Structures are given as C-alpha cells and as structure tokens.
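target.pdb, holding PDB, C-alpha atoms:
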ATOM      1  CA  MET A 121     -64.994   5.699 -95.797  1.00  0.00           C
ATOM      2  CA  ILE A 122     -67.767   3.835 -94.034  1.00  0.00           C
ATOM      3  CA  THR A 123     -66.917   0.349 -92.801  1.00  0.00           C
ATOM      4  CA  LEU A 124     -69.081  -2.740 -93.119  1.00  0.00           C
ATOM      5  CA  LEU A 125     -69.749  -2.671 -89.364  1.00  0.00           C
ATOM      6  CA  GLU A 126     -70.869   0.974 -89.495  1.00  0.00           C
ATOM      7  CA  ALA A 127     -73.100   0.268 -92.505  1.00  0.00           C
ATOM      8  CA  GLY A 128     -74.658  -2.710 -90.753  1.00  0.00           C
ATOM      9  CA  LEU A 129     -75.270  -0.668 -87.619  1.00  0.00           C
ATOM     10  CA  LEU A 130     -76.858   2.140 -89.640  1.00  0.00           C
ATOM     11  CA  VAL A 131     -79.195  -0.305 -91.399  1.00  0.00           C
ATOM     12  CA  PHE A 132     -80.126  -1.855 -88.038  1.00  0.00           C
ATOM     13  CA  ILE A 133     -80.754   1.583 -86.510  1.00  0.00           C
ATOM     14  CA  VAL A 134     -82.926   2.799 -89.390  1.00  0.00           C
ATOM     15  CA  LEU A 135     -84.951  -0.421 -89.490  1.00  0.00           C
ATOM     16  CA  SER A 136     -85.500  -0.454 -85.728  1.00  0.00           C
ATOM     17  CA  ALA A 137     -86.514   3.232 -85.791  1.00  0.00           C
ATOM     18  CA  LEU A 138     -89.042   2.517 -88.546  1.00  0.00           C
ATOM     19  CA  MET A 139     -90.373  -0.517 -86.695  1.00  0.00           C
ATOM     20  CA  THR A 140     -90.723   1.524 -83.498  1.00  0.00           C
ATOM     21  CA  ALA A 141     -92.781   4.065 -85.398  1.00  0.00           C
ATOM     22  CA  ILE A 142     -95.122   1.644 -87.179  1.00  0.00           C
ATOM     23  CA  LEU A 143     -95.748  -1.068 -84.584  1.00  0.00           C
ATOM     24  CA  ARG A 144     -99.167  -0.874 -82.971  1.00  0.00           C
ATOM     25  CA  ASP A 145     -98.347  -2.976 -79.935  1.00  0.00           C
ATOM     26  CA  VAL A 146     -96.829  -0.719 -77.294  1.00  0.00           C
ATOM     27  CA  LEU A 147     -94.740  -3.446 -75.662  1.00  0.00           C
ATOM     28  CA  ALA A 148     -93.234  -4.503 -78.997  1.00  0.00           C
ATOM     29  CA  ALA A 149     -92.516  -0.855 -79.875  1.00  0.00           C
ATOM     30  CA  ILE A 150     -90.729  -0.317 -76.528  1.00  0.00           C
ATOM     31  CA  ILE A 151     -88.597  -3.415 -77.013  1.00  0.00           C
ATOM     32  CA  VAL A 152     -87.640  -2.369 -80.539  1.00  0.00           C
ATOM     33  CA  PHE A 153     -86.920   1.148 -79.254  1.00  0.00           C
ATOM     34  CA  GLY A 154     -84.564  -0.357 -76.673  1.00  0.00           C
ATOM     35  CA  ALA A 155     -82.797  -2.216 -79.482  1.00  0.00           C
ATOM     36  CA  TYR A 156     -82.592   1.055 -81.453  1.00  0.00           C
ATOM     37  CA  SER A 157     -80.961   2.804 -78.488  1.00  0.00           C
ATOM     38  CA  LEU A 158     -78.541  -0.057 -78.015  1.00  0.00           C
ATOM     39  CA  GLY A 159     -77.632   0.127 -81.717  1.00  0.00           C
ATOM     40  CA  MET A 160     -77.011   3.865 -81.352  1.00  0.00           C
ATOM     41  CA  ALA A 161     -74.808   3.244 -78.315  1.00  0.00           C
ATOM     42  CA  VAL A 162     -72.711   0.701 -80.221  1.00  0.00           C
ATOM     43  CA  LEU A 163     -72.438   3.067 -83.199  1.00  0.00           C
ATOM     44  CA  TRP A 164     -71.184   5.884 -80.964  1.00  0.00           C
ATOM     45  CA  ILE A 165     -68.563   3.580 -79.505  1.00  0.00           C
ATOM     46  CA  VAL A 166     -67.496   2.438 -82.990  1.00  0.00           C
ATOM     47  CA  LEU A 167     -67.214   6.113 -83.998  1.00  0.00           C
ATOM     48  CA  ARG A 168     -64.832   6.623 -81.041  1.00  0.00           C
ATOM     49  CA  ALA A 169     -67.210   8.605 -78.847  1.00  0.00           C
ATOM     50  CA  PRO A 170     -67.380   6.270 -75.838  1.00  0.00           C
ATOM     51  CA  ASP A 171     -68.784   8.937 -73.513  1.00  0.00           C
ATOM     52  CA  VAL A 172     -71.769   9.485 -75.806  1.00  0.00           C
ATOM     53  CA  GLY A 173     -72.109   5.726 -76.331  1.00  0.00           C
ATOM     54  CA  LEU A 174     -72.175   4.988 -72.624  1.00  0.00           C
ATOM     55  CA  THR A 175     -74.678   7.780 -72.032  1.00  0.00           C
ATOM     56  CA  GLU A 176     -76.916   6.440 -74.815  1.00  0.00           C
ATOM     57  CA  ALA A 177     -76.641   2.911 -73.400  1.00  0.00           C
ATOM     58  CA  ALA A 178     -77.461   4.050 -69.873  1.00  0.00           C
ATOM     59  CA  VAL A 179     -80.203   6.554 -70.652  1.00  0.00           C
ATOM     60  CA  GLY A 180     -81.638   5.368 -73.975  1.00  0.00           C
ATOM     61  CA  ALA A 181     -81.337   1.593 -73.814  1.00  0.00           C
ATOM     62  CA  GLY A 182     -81.385   1.364 -70.027  1.00  0.00           C
ATOM     63  CA  ILE A 183     -83.380   3.945 -68.125  1.00  0.00           C
ATOM     64  CA  MET A 184     -85.837   4.917 -70.877  1.00  0.00           C
ATOM     65  CA  THR A 185     -86.644   1.314 -71.751  1.00  0.00           C
ATOM     66  CA  VAL A 186     -87.208   0.416 -68.103  1.00  0.00           C
ATOM     67  CA  LEU A 187     -89.246   3.586 -67.517  1.00  0.00           C
ATOM     68  CA  LEU A 188     -91.450   2.864 -70.528  1.00  0.00           C
ATOM     69  CA  LEU A 189     -91.886  -0.796 -69.534  1.00  0.00           C
ATOM     70  CA  VAL A 190     -92.835   0.205 -65.982  1.00  0.00           C
ATOM     71  CA  SER A 191     -95.257   2.774 -67.418  1.00  0.00           C
ATOM     72  CA  ILE A 192     -97.175   0.212 -69.437  1.00  0.00           C
ATOM     73  CA  ALA A 193     -96.987  -2.357 -66.632  1.00  0.00           C
ATOM     74  CA  ARG A 194     -98.661   0.096 -64.263  1.00  0.00           C
ATOM     75  CA  THR A 195    -101.342   1.107 -66.726  1.00  0.00           C
ATOM     76  CA  THR A 196    -103.863  -1.078 -68.500  1.00  0.00           C
ATOM     77  CA  ARG A 197    -102.802  -2.890 -71.624  1.00  0.00           C
ATOM     78  CA  LEU A 198    -105.330  -4.071 -74.146  1.00  0.00           C
ATOM     79  CA  THR A 199    -105.094  -7.761 -74.933  1.00  0.00           C
ATOM     80  CA  GLY A 200    -106.175  -9.570 -78.034  1.00  0.00           C
ATOM     81  CA  ILE A 201    -104.938  -6.891 -80.414  1.00  0.00           C
ATOM     82  CA  GLU A 202    -103.207  -8.391 -83.393  1.00  0.00           C
ATOM     83  CA  LEU A 203     -99.702  -7.150 -84.146  1.00  0.00           C
ATOM     84  CA  ARG A 204    -100.061  -5.257 -87.370  1.00  0.00           C
ATOM     85  CA  PRO A 205     -98.468  -2.004 -88.463  1.00  0.00           C
ATOM     86  CA  VAL A 206    -100.392   1.239 -88.466  1.00  0.00           C
ATOM     87  CA  GLU A 207    -101.686   2.809 -91.650  1.00  0.00           C
ATOM     88  CA  ILE A 208     -98.974   4.937 -93.234  1.00  0.00           C
ATOM     89  CA  ASN A 209     -99.800   8.530 -94.137  1.00  0.00           C
ATOM     90  CA  TRP A 210     -97.861   8.725 -97.412  1.00  0.00           C
ATOM     91  CA  GLY A 211     -97.918  12.519 -97.496  1.00  0.00           C
ATOM     92  CA  VAL A 212     -96.191  12.715 -94.130  1.00  0.00           C
ATOM     93  CA  ALA A 213     -93.808   9.923 -95.160  1.00  0.00           C
ATOM     94  CA  ALA A 214     -92.893  11.855 -98.320  1.00  0.00           C
ATOM     95  CA  LEU A 215     -92.329  15.021 -96.284  1.00  0.00           C
ATOM     96  CA  CYS A 216     -90.067  13.108 -93.889  1.00  0.00           C
ATOM     97  CA  GLY A 217     -88.224  11.627 -96.860  1.00  0.00           C
ATOM     98  CA  LEU A 218     -87.645  15.099 -98.306  1.00  0.00           C
ATOM     99  CA  PHE A 219     -86.330  16.275 -94.955  1.00  0.00           C
ATOM    100  CA  VAL A 220     -83.926  13.330 -94.780  1.00  0.00           C
ATOM    101  CA  LEU A 221     -82.731  14.049 -98.337  1.00  0.00           C
ATOM    102  CA  ALA A 222     -82.173  17.715 -97.447  1.00  0.00           C
ATOM    103  CA  ILE A 223     -80.104  16.720 -94.427  1.00  0.00           C
ATOM    104  CA  LEU A 224     -78.146  14.145 -96.439  1.00  0.00           C
ATOM    105  CA  ALA A 225     -77.392  16.794 -99.078  1.00  0.00           C
ATOM    106  CA  THR A 226     -75.278  18.614 -96.491  1.00  0.00           C
ATOM    107  CA  VAL A 227     -73.096  15.581 -95.729  1.00  0.00           C
ATOM    108  CA  PRO A 228     -70.596  16.184 -98.584  1.00  0.00           C
ATOM    109  CA  ALA A 229     -69.870  19.631 -97.089  1.00  0.00           C
ATOM    110  CA  LEU A 230     -68.640  18.050 -93.843  1.00  0.00           C
ATOM    111  CA  PRO A 231     -64.870  17.702 -93.445  1.00  0.00           C
ATOM    112  CA  ASP A 232     -63.354  14.227 -93.589  1.00  0.00           C
ATOM    113  CA  MET A 233     -62.987  12.446 -90.267  1.00  0.00           C
ATOM    114  CA  GLY A 234     -59.713  13.564 -88.692  1.00  0.00           C
ATOM    115  CA  GLN A 235     -59.184  16.476 -91.108  1.00  0.00           C
ATOM    116  CA  THR A 236     -57.973  19.558 -89.251  1.00  0.00           C
ATOM    117  CA  VAL A 237     -56.714  21.815 -92.058  1.00  0.00           C
ATOM    118  CA  GLY A 238     -59.494  24.053 -93.346  1.00  0.00           C
ATOM    119  CA  ASN A 239     -61.961  22.669 -90.815  1.00  0.00           C
ATOM    120  CA  PRO A 240     -63.800  25.535 -89.072  1.00  0.00           C
ATOM    121  CA  VAL A 241     -64.289  23.379 -85.966  1.00  0.00           C
ATOM    122  CA  PHE A 242     -60.552  23.432 -85.259  1.00  0.00           C
ATOM    123  CA  GLY A 243     -60.220  27.078 -84.362  1.00  0.00           C
ATOM    124  CA  GLU A 244     -59.146  29.088 -81.373  1.00  0.00           C
ATOM    125  CA  ILE A 245     -61.577  27.492 -78.907  1.00  0.00           C
ATOM    126  CA  TYR A 246     -60.582  23.984 -79.982  1.00  0.00           C
ATOM    127  CA  ASN A 247     -56.907  24.774 -79.506  1.00  0.00           C
ATOM    128  CA  HIS A 248     -57.594  26.209 -76.047  1.00  0.00           C
ATOM    129  CA  TYR A 249     -59.521  23.149 -74.895  1.00  0.00           C
ATOM    130  CA  VAL A 250     -57.019  20.645 -76.271  1.00  0.00           C
ATOM    131  CA  THR A 251     -53.925  22.419 -74.982  1.00  0.00           C
ATOM    132  CA  MET A 252     -55.227  23.676 -71.641  1.00  0.00           C
ATOM    133  CA  ALA A 253     -57.778  21.041 -70.544  1.00  0.00           C
ATOM    134  CA  TYR A 254     -55.416  18.920 -68.487  1.00  0.00           C
ATOM    135  CA  GLU A 255     -53.505  21.879 -67.069  1.00  0.00           C
ATOM    136  CA  GLN A 256     -56.674  23.644 -65.916  1.00  0.00           C
ATOM    137  CA  THR A 257     -58.787  20.654 -64.832  1.00  0.00           C
ATOM    138  CA  HIS A 258     -56.348  17.783 -64.182  1.00  0.00           C
ATOM    139  CA  VAL A 259     -58.689  15.482 -66.100  1.00  0.00           C
ATOM    140  CA  GLU A 260     -56.956  13.349 -68.743  1.00  0.00           C
ATOM    141  CA  ASN A 261     -59.939  12.929 -71.087  1.00  0.00           C
ATOM    142  CA  VAL A 262     -60.605  16.210 -72.921  1.00  0.00           C
ATOM    143  CA  VAL A 263     -64.301  15.433 -73.480  1.00  0.00           C
ATOM    144  CA  THR A 264     -64.820  14.715 -69.786  1.00  0.00           C
ATOM    145  CA  ALA A 265     -62.937  17.893 -68.883  1.00  0.00           C
ATOM    146  CA  ILE A 266     -65.197  19.942 -71.164  1.00  0.00           C
ATOM    147  CA  LEU A 267     -68.420  18.351 -69.886  1.00  0.00           C
ATOM    148  CA  VAL A 268     -67.574  18.438 -66.192  1.00  0.00           C
ATOM    149  CA  ALA A 269     -65.280  21.435 -65.731  1.00  0.00           C
ATOM    150  CA  TYR A 270     -65.954  23.896 -68.536  1.00  0.00           C
ATOM    151  CA  ARG A 271     -69.641  23.077 -69.009  1.00  0.00           C
ATOM    152  CA  GLY A 272     -70.391  21.954 -65.474  1.00  0.00           C
ATOM    153  CA  PHE A 273     -73.429  24.165 -64.949  1.00  0.00           C
ATOM    154  CA  ASP A 274     -74.885  23.161 -68.320  1.00  0.00           C
ATOM    155  CA  THR A 275     -74.384  19.473 -67.529  1.00  0.00           C
ATOM    156  CA  LEU A 276     -75.911  19.967 -64.070  1.00  0.00           C
ATOM    157  CA  GLY A 277     -78.873  21.702 -65.720  1.00  0.00           C
ATOM    158  CA  GLU A 278     -79.383  18.816 -68.138  1.00  0.00           C
ATOM    159  CA  ALA A 279     -79.209  16.287 -65.299  1.00  0.00           C
ATOM    160  CA  THR A 280     -81.734  18.344 -63.332  1.00  0.00           C
ATOM    161  CA  VAL A 281     -84.161  18.382 -66.275  1.00  0.00           C
ATOM    162  CA  VAL A 282     -83.886  14.603 -66.723  1.00  0.00           C
ATOM    163  CA  PHE A 283     -84.340  14.011 -62.990  1.00  0.00           C
ATOM    164  CA  THR A 284     -87.367  16.339 -62.865  1.00  0.00           C
ATOM    165  CA  ALA A 285     -88.955  14.591 -65.855  1.00  0.00           C
ATOM    166  CA  GLY A 286     -88.415  11.204 -64.196  1.00  0.00           C
ATOM    167  CA  VAL A 287     -89.990  12.375 -60.947  1.00  0.00           C
ATOM    168  CA  ALA A 288     -92.951  13.828 -62.863  1.00  0.00           C
ATOM    169  CA  VAL A 289     -93.531  10.555 -64.729  1.00  0.00           C
ATOM    170  CA  LEU A 290     -93.326   8.531 -61.512  1.00  0.00           C
ATOM    171  CA  THR A 291     -95.757  10.946 -59.828  1.00  0.00           C
ATOM    172  CA  VAL A 292     -98.262  10.583 -62.668  1.00  0.00           C
ATOM    173  CA  LEU A 293     -97.923   6.800 -62.623  1.00  0.00           C
ATOM    174  CA  ARG A 294     -98.472   6.697 -58.870  1.00  0.00           C
ATOM    175  CA  ARG A 295    -101.666   8.791 -59.253  1.00  0.00           C
ATOM    176  CA  GLU A 296    -102.921   6.426 -61.989  1.00  0.00           C
ATOM    177  CA  VAL A 297    -102.423   3.403 -59.716  1.00  0.00           C
ATOM    178  CA  ASP A 298    -104.003   5.107 -56.681  1.00  0.00           C
ATOM    179  CA  ALA A 299    -107.043   6.246 -58.697  1.00  0.00           C
TER     180      ALA A 299
END
Reformat the file's structure so that it appears as structure tokens.
Amino acid sequence: MITLLEAGLLVFIVLSALMTAILRDVLAAIIVFGAYSLGMAVLWIVLRAPDVGLTEAAVGAGIMTVLLLVSIARTTRLTGIELRPVEINWGVAALCGLFVLAILATVPALPDMGQTVGNPVFGEIYNHYVTMAYEQTHVENVVTAILVAYRGFDTLGEATVVFTAGVAVLTVLRREVDA
C-alpha cells in the first residue's frame, strides 16, 4: 500500500518532470530538474534503497545540476525572454500517455513488496548472494557487496563512462570559451 509520503513524492516528481520538459527558460528548467532529482533521491530512500538514493542525490541533484549550471554560465544566455511554456505537440503527448498506461498496466503483475514466495526474483542467484555475500566479500551490506565485489568491473565501467562524459563536456565548454 502506498503511503501519503510516497504519494506526495510521486506527485512532486511527476510535476517537476513535466515542468522541466515544458519550461522555455533553460535556467528555470535546470533548477526544476535539480528538484526532480532531489525528489527521486528522497523517494529511493523512503523505499529503503539508500544506496540508489545517495547516488541519485550525488549524481542527479548534485553533479548534473552543477554541470548544467556551469554549462549555461559559460555559454551565452538570451535575456528578455518571457517565461512561458513551449507549445505542446498533443500527438506526442498522447503517445507518451499511451506508453505510460502500458507500463502501468504491468504493475499489478509485480509481487507485493517483501513477498518472497512465488516471486521469480528470489531464486538460486538471490539465495547465493544473500547467504554468501558476507562470507565471500566481508562487506555487511549485501547491495554494496554485489556492486563492489561481484559486479566490480561493471561498476568500474559505468564510472569510467560517466567520467569520460564529464571530461568531454568540460573540453567542449573550454573550446567554446576560448573561441
């Protein structure tokens, strides 16, 4: 059952996502996007996934917001533009709505939170990770053990991609300023 806090967070997240998409002013859109990421981080923490929440707070609300703000600060920004939403393409909006409805139609098929009996997620691999994680890695948090020990190369690869993207953006911004 969804709590009042979760419902409020979901409403906040959806509204901030919509506002990010329809605002014409880039600075306002970046600020609302930062609020969206912060809302997602809080939701992940409420849903008892603090590792995902902290990552979202650091990368989404923190680094991405700062990177986007630095990007517009180092490039020209038009002044005198009134803050009004963009024209909505109703065909695309209807298509997005249908996609959301299709995704939401699958929600009843998901197992209840905490349900282990009959849940395909809780199979042989799950049992191995839960029972052997501490013994094999000496890390108390199972999620951290999976991310760092079992999926270490994958996590390193993801960090490398993010770092490379950041360096590329900074390189482009430096060229724009020097030009």
From A:Gln256, A:Leu267, A:His248, A:Ile208, residue lying nearest Arg144 of chain A [only C-alpha atoms]: A:Ile208
Take the PyMOL selection byres ((chain A and resi 127-136) around 9), apply it to the structure above, and return the hits as an mmCIF file with C-alpha atoms, in the frame of the given file.
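Output (result18.cif):
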data_model
loop_
_atom_site.group_PDB
_atom_site.id
_atom_site.type_symbol
_atom_site.label_atom_id
_atom_site.label_comp_id
_atom_site.auth_asym_id
_atom_site.auth_seq_id
_atom_site.Cartn_x
_atom_site.Cartn_y
_atom_site.Cartn_z
ATOM 1 C CA ILE A 122 -67.767 3.835 -94.034
ATOM 2 C CA THR A 123 -66.917 0.349 -92.801
ATOM 3 C CA LEU A 124 -69.081 -2.740 -93.119
ATOM 4 C CA LEU A 125 -69.749 -2.671 -89.364
ATOM 5 C CA GLU A 126 -70.869 0.974 -89.495
ATOM 6 C CA ALA A 137 -86.514 3.232 -85.791
ATOM 7 C CA LEU A 138 -89.042 2.517 -88.546
ATOM 8 C CA MET A 139 -90.373 -0.517 -86.695
ATOM 9 C CA THR A 140 -90.723 1.524 -83.498
ATOM 10 C CA ALA A 141 -92.781 4.065 -85.398
ATOM 11 C CA VAL A 152 -87.640 -2.369 -80.539
ATOM 12 C CA PHE A 153 -86.920 1.148 -79.254
ATOM 13 C CA ALA A 155 -82.797 -2.216 -79.482
ATOM 14 C CA TYR A 156 -82.592 1.055 -81.453
ATOM 15 C CA SER A 157 -80.961 2.804 -78.488
ATOM 16 C CA LEU A 158 -78.541 -0.057 -78.015
ATOM 17 C CA GLY A 159 -77.632 0.127 -81.717
ATOM 18 C CA MET A 160 -77.011 3.865 -81.352
ATOM 19 C CA VAL A 162 -72.711 0.701 -80.221
ATOM 20 C CA LEU A 163 -72.438 3.067 -83.199
#
Against segment 164-179 of chain A, which residues of segment 205-295 of chain A fall within 12 Å? For each one I want the closest pair of atoms and the distance in Å (one decimal), counting all atoms listed in the file, rows by chain and increasing residue number, as JSON lines.
{"residue": "A:Met233", "atom": "CA", "partner": "A:Leu167", "partner_atom": "CA", "distance": 9.9}
{"residue": "A:Gly234", "atom": "CA", "partner": "A:Arg168", "partner_atom": "CA", "distance": 11.5}
{"residue": "A:Asn261", "atom": "CA", "partner": "A:Asp171", "partner_atom": "CA", "distance": 10.0}
{"residue": "A:Val262", "atom": "CA", "partner": "A:Asp171", "partner_atom": "CA", "distance": 11.0}
{"residue": "A:Val263", "atom": "CA", "partner": "A:Asp171", "partner_atom": "CA", "distance": 7.9}
{"residue": "A:Thr264", "atom": "CA", "partner": "A:Asp171", "partner_atom": "CA", "distance": 7.9}
{"residue": "A:Ala265", "atom": "CA", "partner": "A:Asp171", "partner_atom": "CA", "distance": 11.7}
{"residue": "A:Ile266", "atom": "CA", "partner": "A:Asp171", "partner_atom": "CA", "distance": 11.8}
{"residue": "A:Leu267", "atom": "CA", "partner": "A:Asp171", "partner_atom": "CA", "distance": 10.1}
{"residue": "A:Ala279", "atom": "CA", "partner": "A:Val179", "partner_atom": "CA", "distance": 11.2}
{"residue": "A:Val282", "atom": "CA", "partner": "A:Val179", "partner_atom": "CA", "distance": 9.7}
{"residue": "A:Phe283", "atom": "CA", "partner": "A:Val179", "partner_atom": "CA", "distance": 11.5}
{"residue": "A:Gly286", "atom": "CA", "partner": "A:Val179", "partner_atom": "CA", "distance": 11.4}
Restricting the output to C-alpha atoms, write the selected residues as a short mmCIF file (atom, residue, chain, number, x, y, z; two decimals), in the frame of the given file.
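Output contents, as saved in out_38.cif:
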data_model
loop_
_atom_site.label_atom_id
_atom_site.label_comp_id
_atom_site.auth_asym_id
_atom_site.auth_seq_id
_atom_site.Cartn_x
_atom_site.Cartn_y
_atom_site.Cartn_z
CA MET A 233 -62.99 12.45 -90.27
CA GLY A 234 -59.71 13.56 -88.69
CA ASN A 261 -59.94 12.93 -71.09
CA VAL A 262 -60.60 16.21 -72.92
CA VAL A 263 -64.30 15.43 -73.48
CA THR A 264 -64.82 14.72 -69.79
CA ALA A 265 -62.94 17.89 -68.88
CA ILE A 266 -65.20 19.94 -71.16
CA LEU A 267 -68.42 18.35 -69.89
CA ALA A 279 -79.21 16.29 -65.30
CA VAL A 282 -83.89 14.60 -66.72
CA PHE A 283 -84.34 14.01 -62.99
CA GLY A 286 -88.42 11.20 -64.20
#
Pick from A:Ala229, A:Ala253, A:Leu218, A:Glu207 nearest to Leu143 of chain A, counting only C-alpha atoms: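 Among the listed residues, the smallest separation from Leu143 of chain A belongs to A:Glu207.
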Separation of atom CA of Arg271 of chain A from atom CA of Leu187 of chain A in Å: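 If I compute the distance from atom CA of Leu187 of chain A to atom CA of Arg271 of chain A, I get 27.7 Å.
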Nearest to Val289 of chain A by atom-to-atom distance, counting only C-alpha atoms, from A:Ala181, A:Gly154, A:Val190, A:Val268: A:Val190
Of the listed residues A:Val292, A:Met252, A:Val227, A:Ala285, that which approaches Arg194 of chain A most closely, counting only C-alpha atoms: A:Val292
From A:Ile245, A:Ala213, A:Leu293, A:Tyr254, residue lying nearest Leu188 of chain A [all atoms listed in the file]: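 Distance minimum relative to Leu188 of chain A lands on A:Leu293.
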Top pick for closest residue to Ser191 of chain A, considering A:Leu221, A:Ile150, A:Ile142, A:Leu230 and counting all atoms listed in the file: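 Nearest candidate to Ser191 of chain A out of A:Leu221, A:Ile150, A:Ile142, A:Leu230: A:Ile150.
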Between atom CA of Ala161 of chain A and atom CA of Ala225 of chain A - distance in Å to one decimal: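 Going from atom CA of Ala225 of chain A over to atom CA of Ala161 of chain A, I get 24.9 Å.
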Atom CA of Ala269 of chain A to atom CA of Glu255 of chain A, distance in Å rounded to a single decimal: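 These atoms are spaced 11.9 Å apart.
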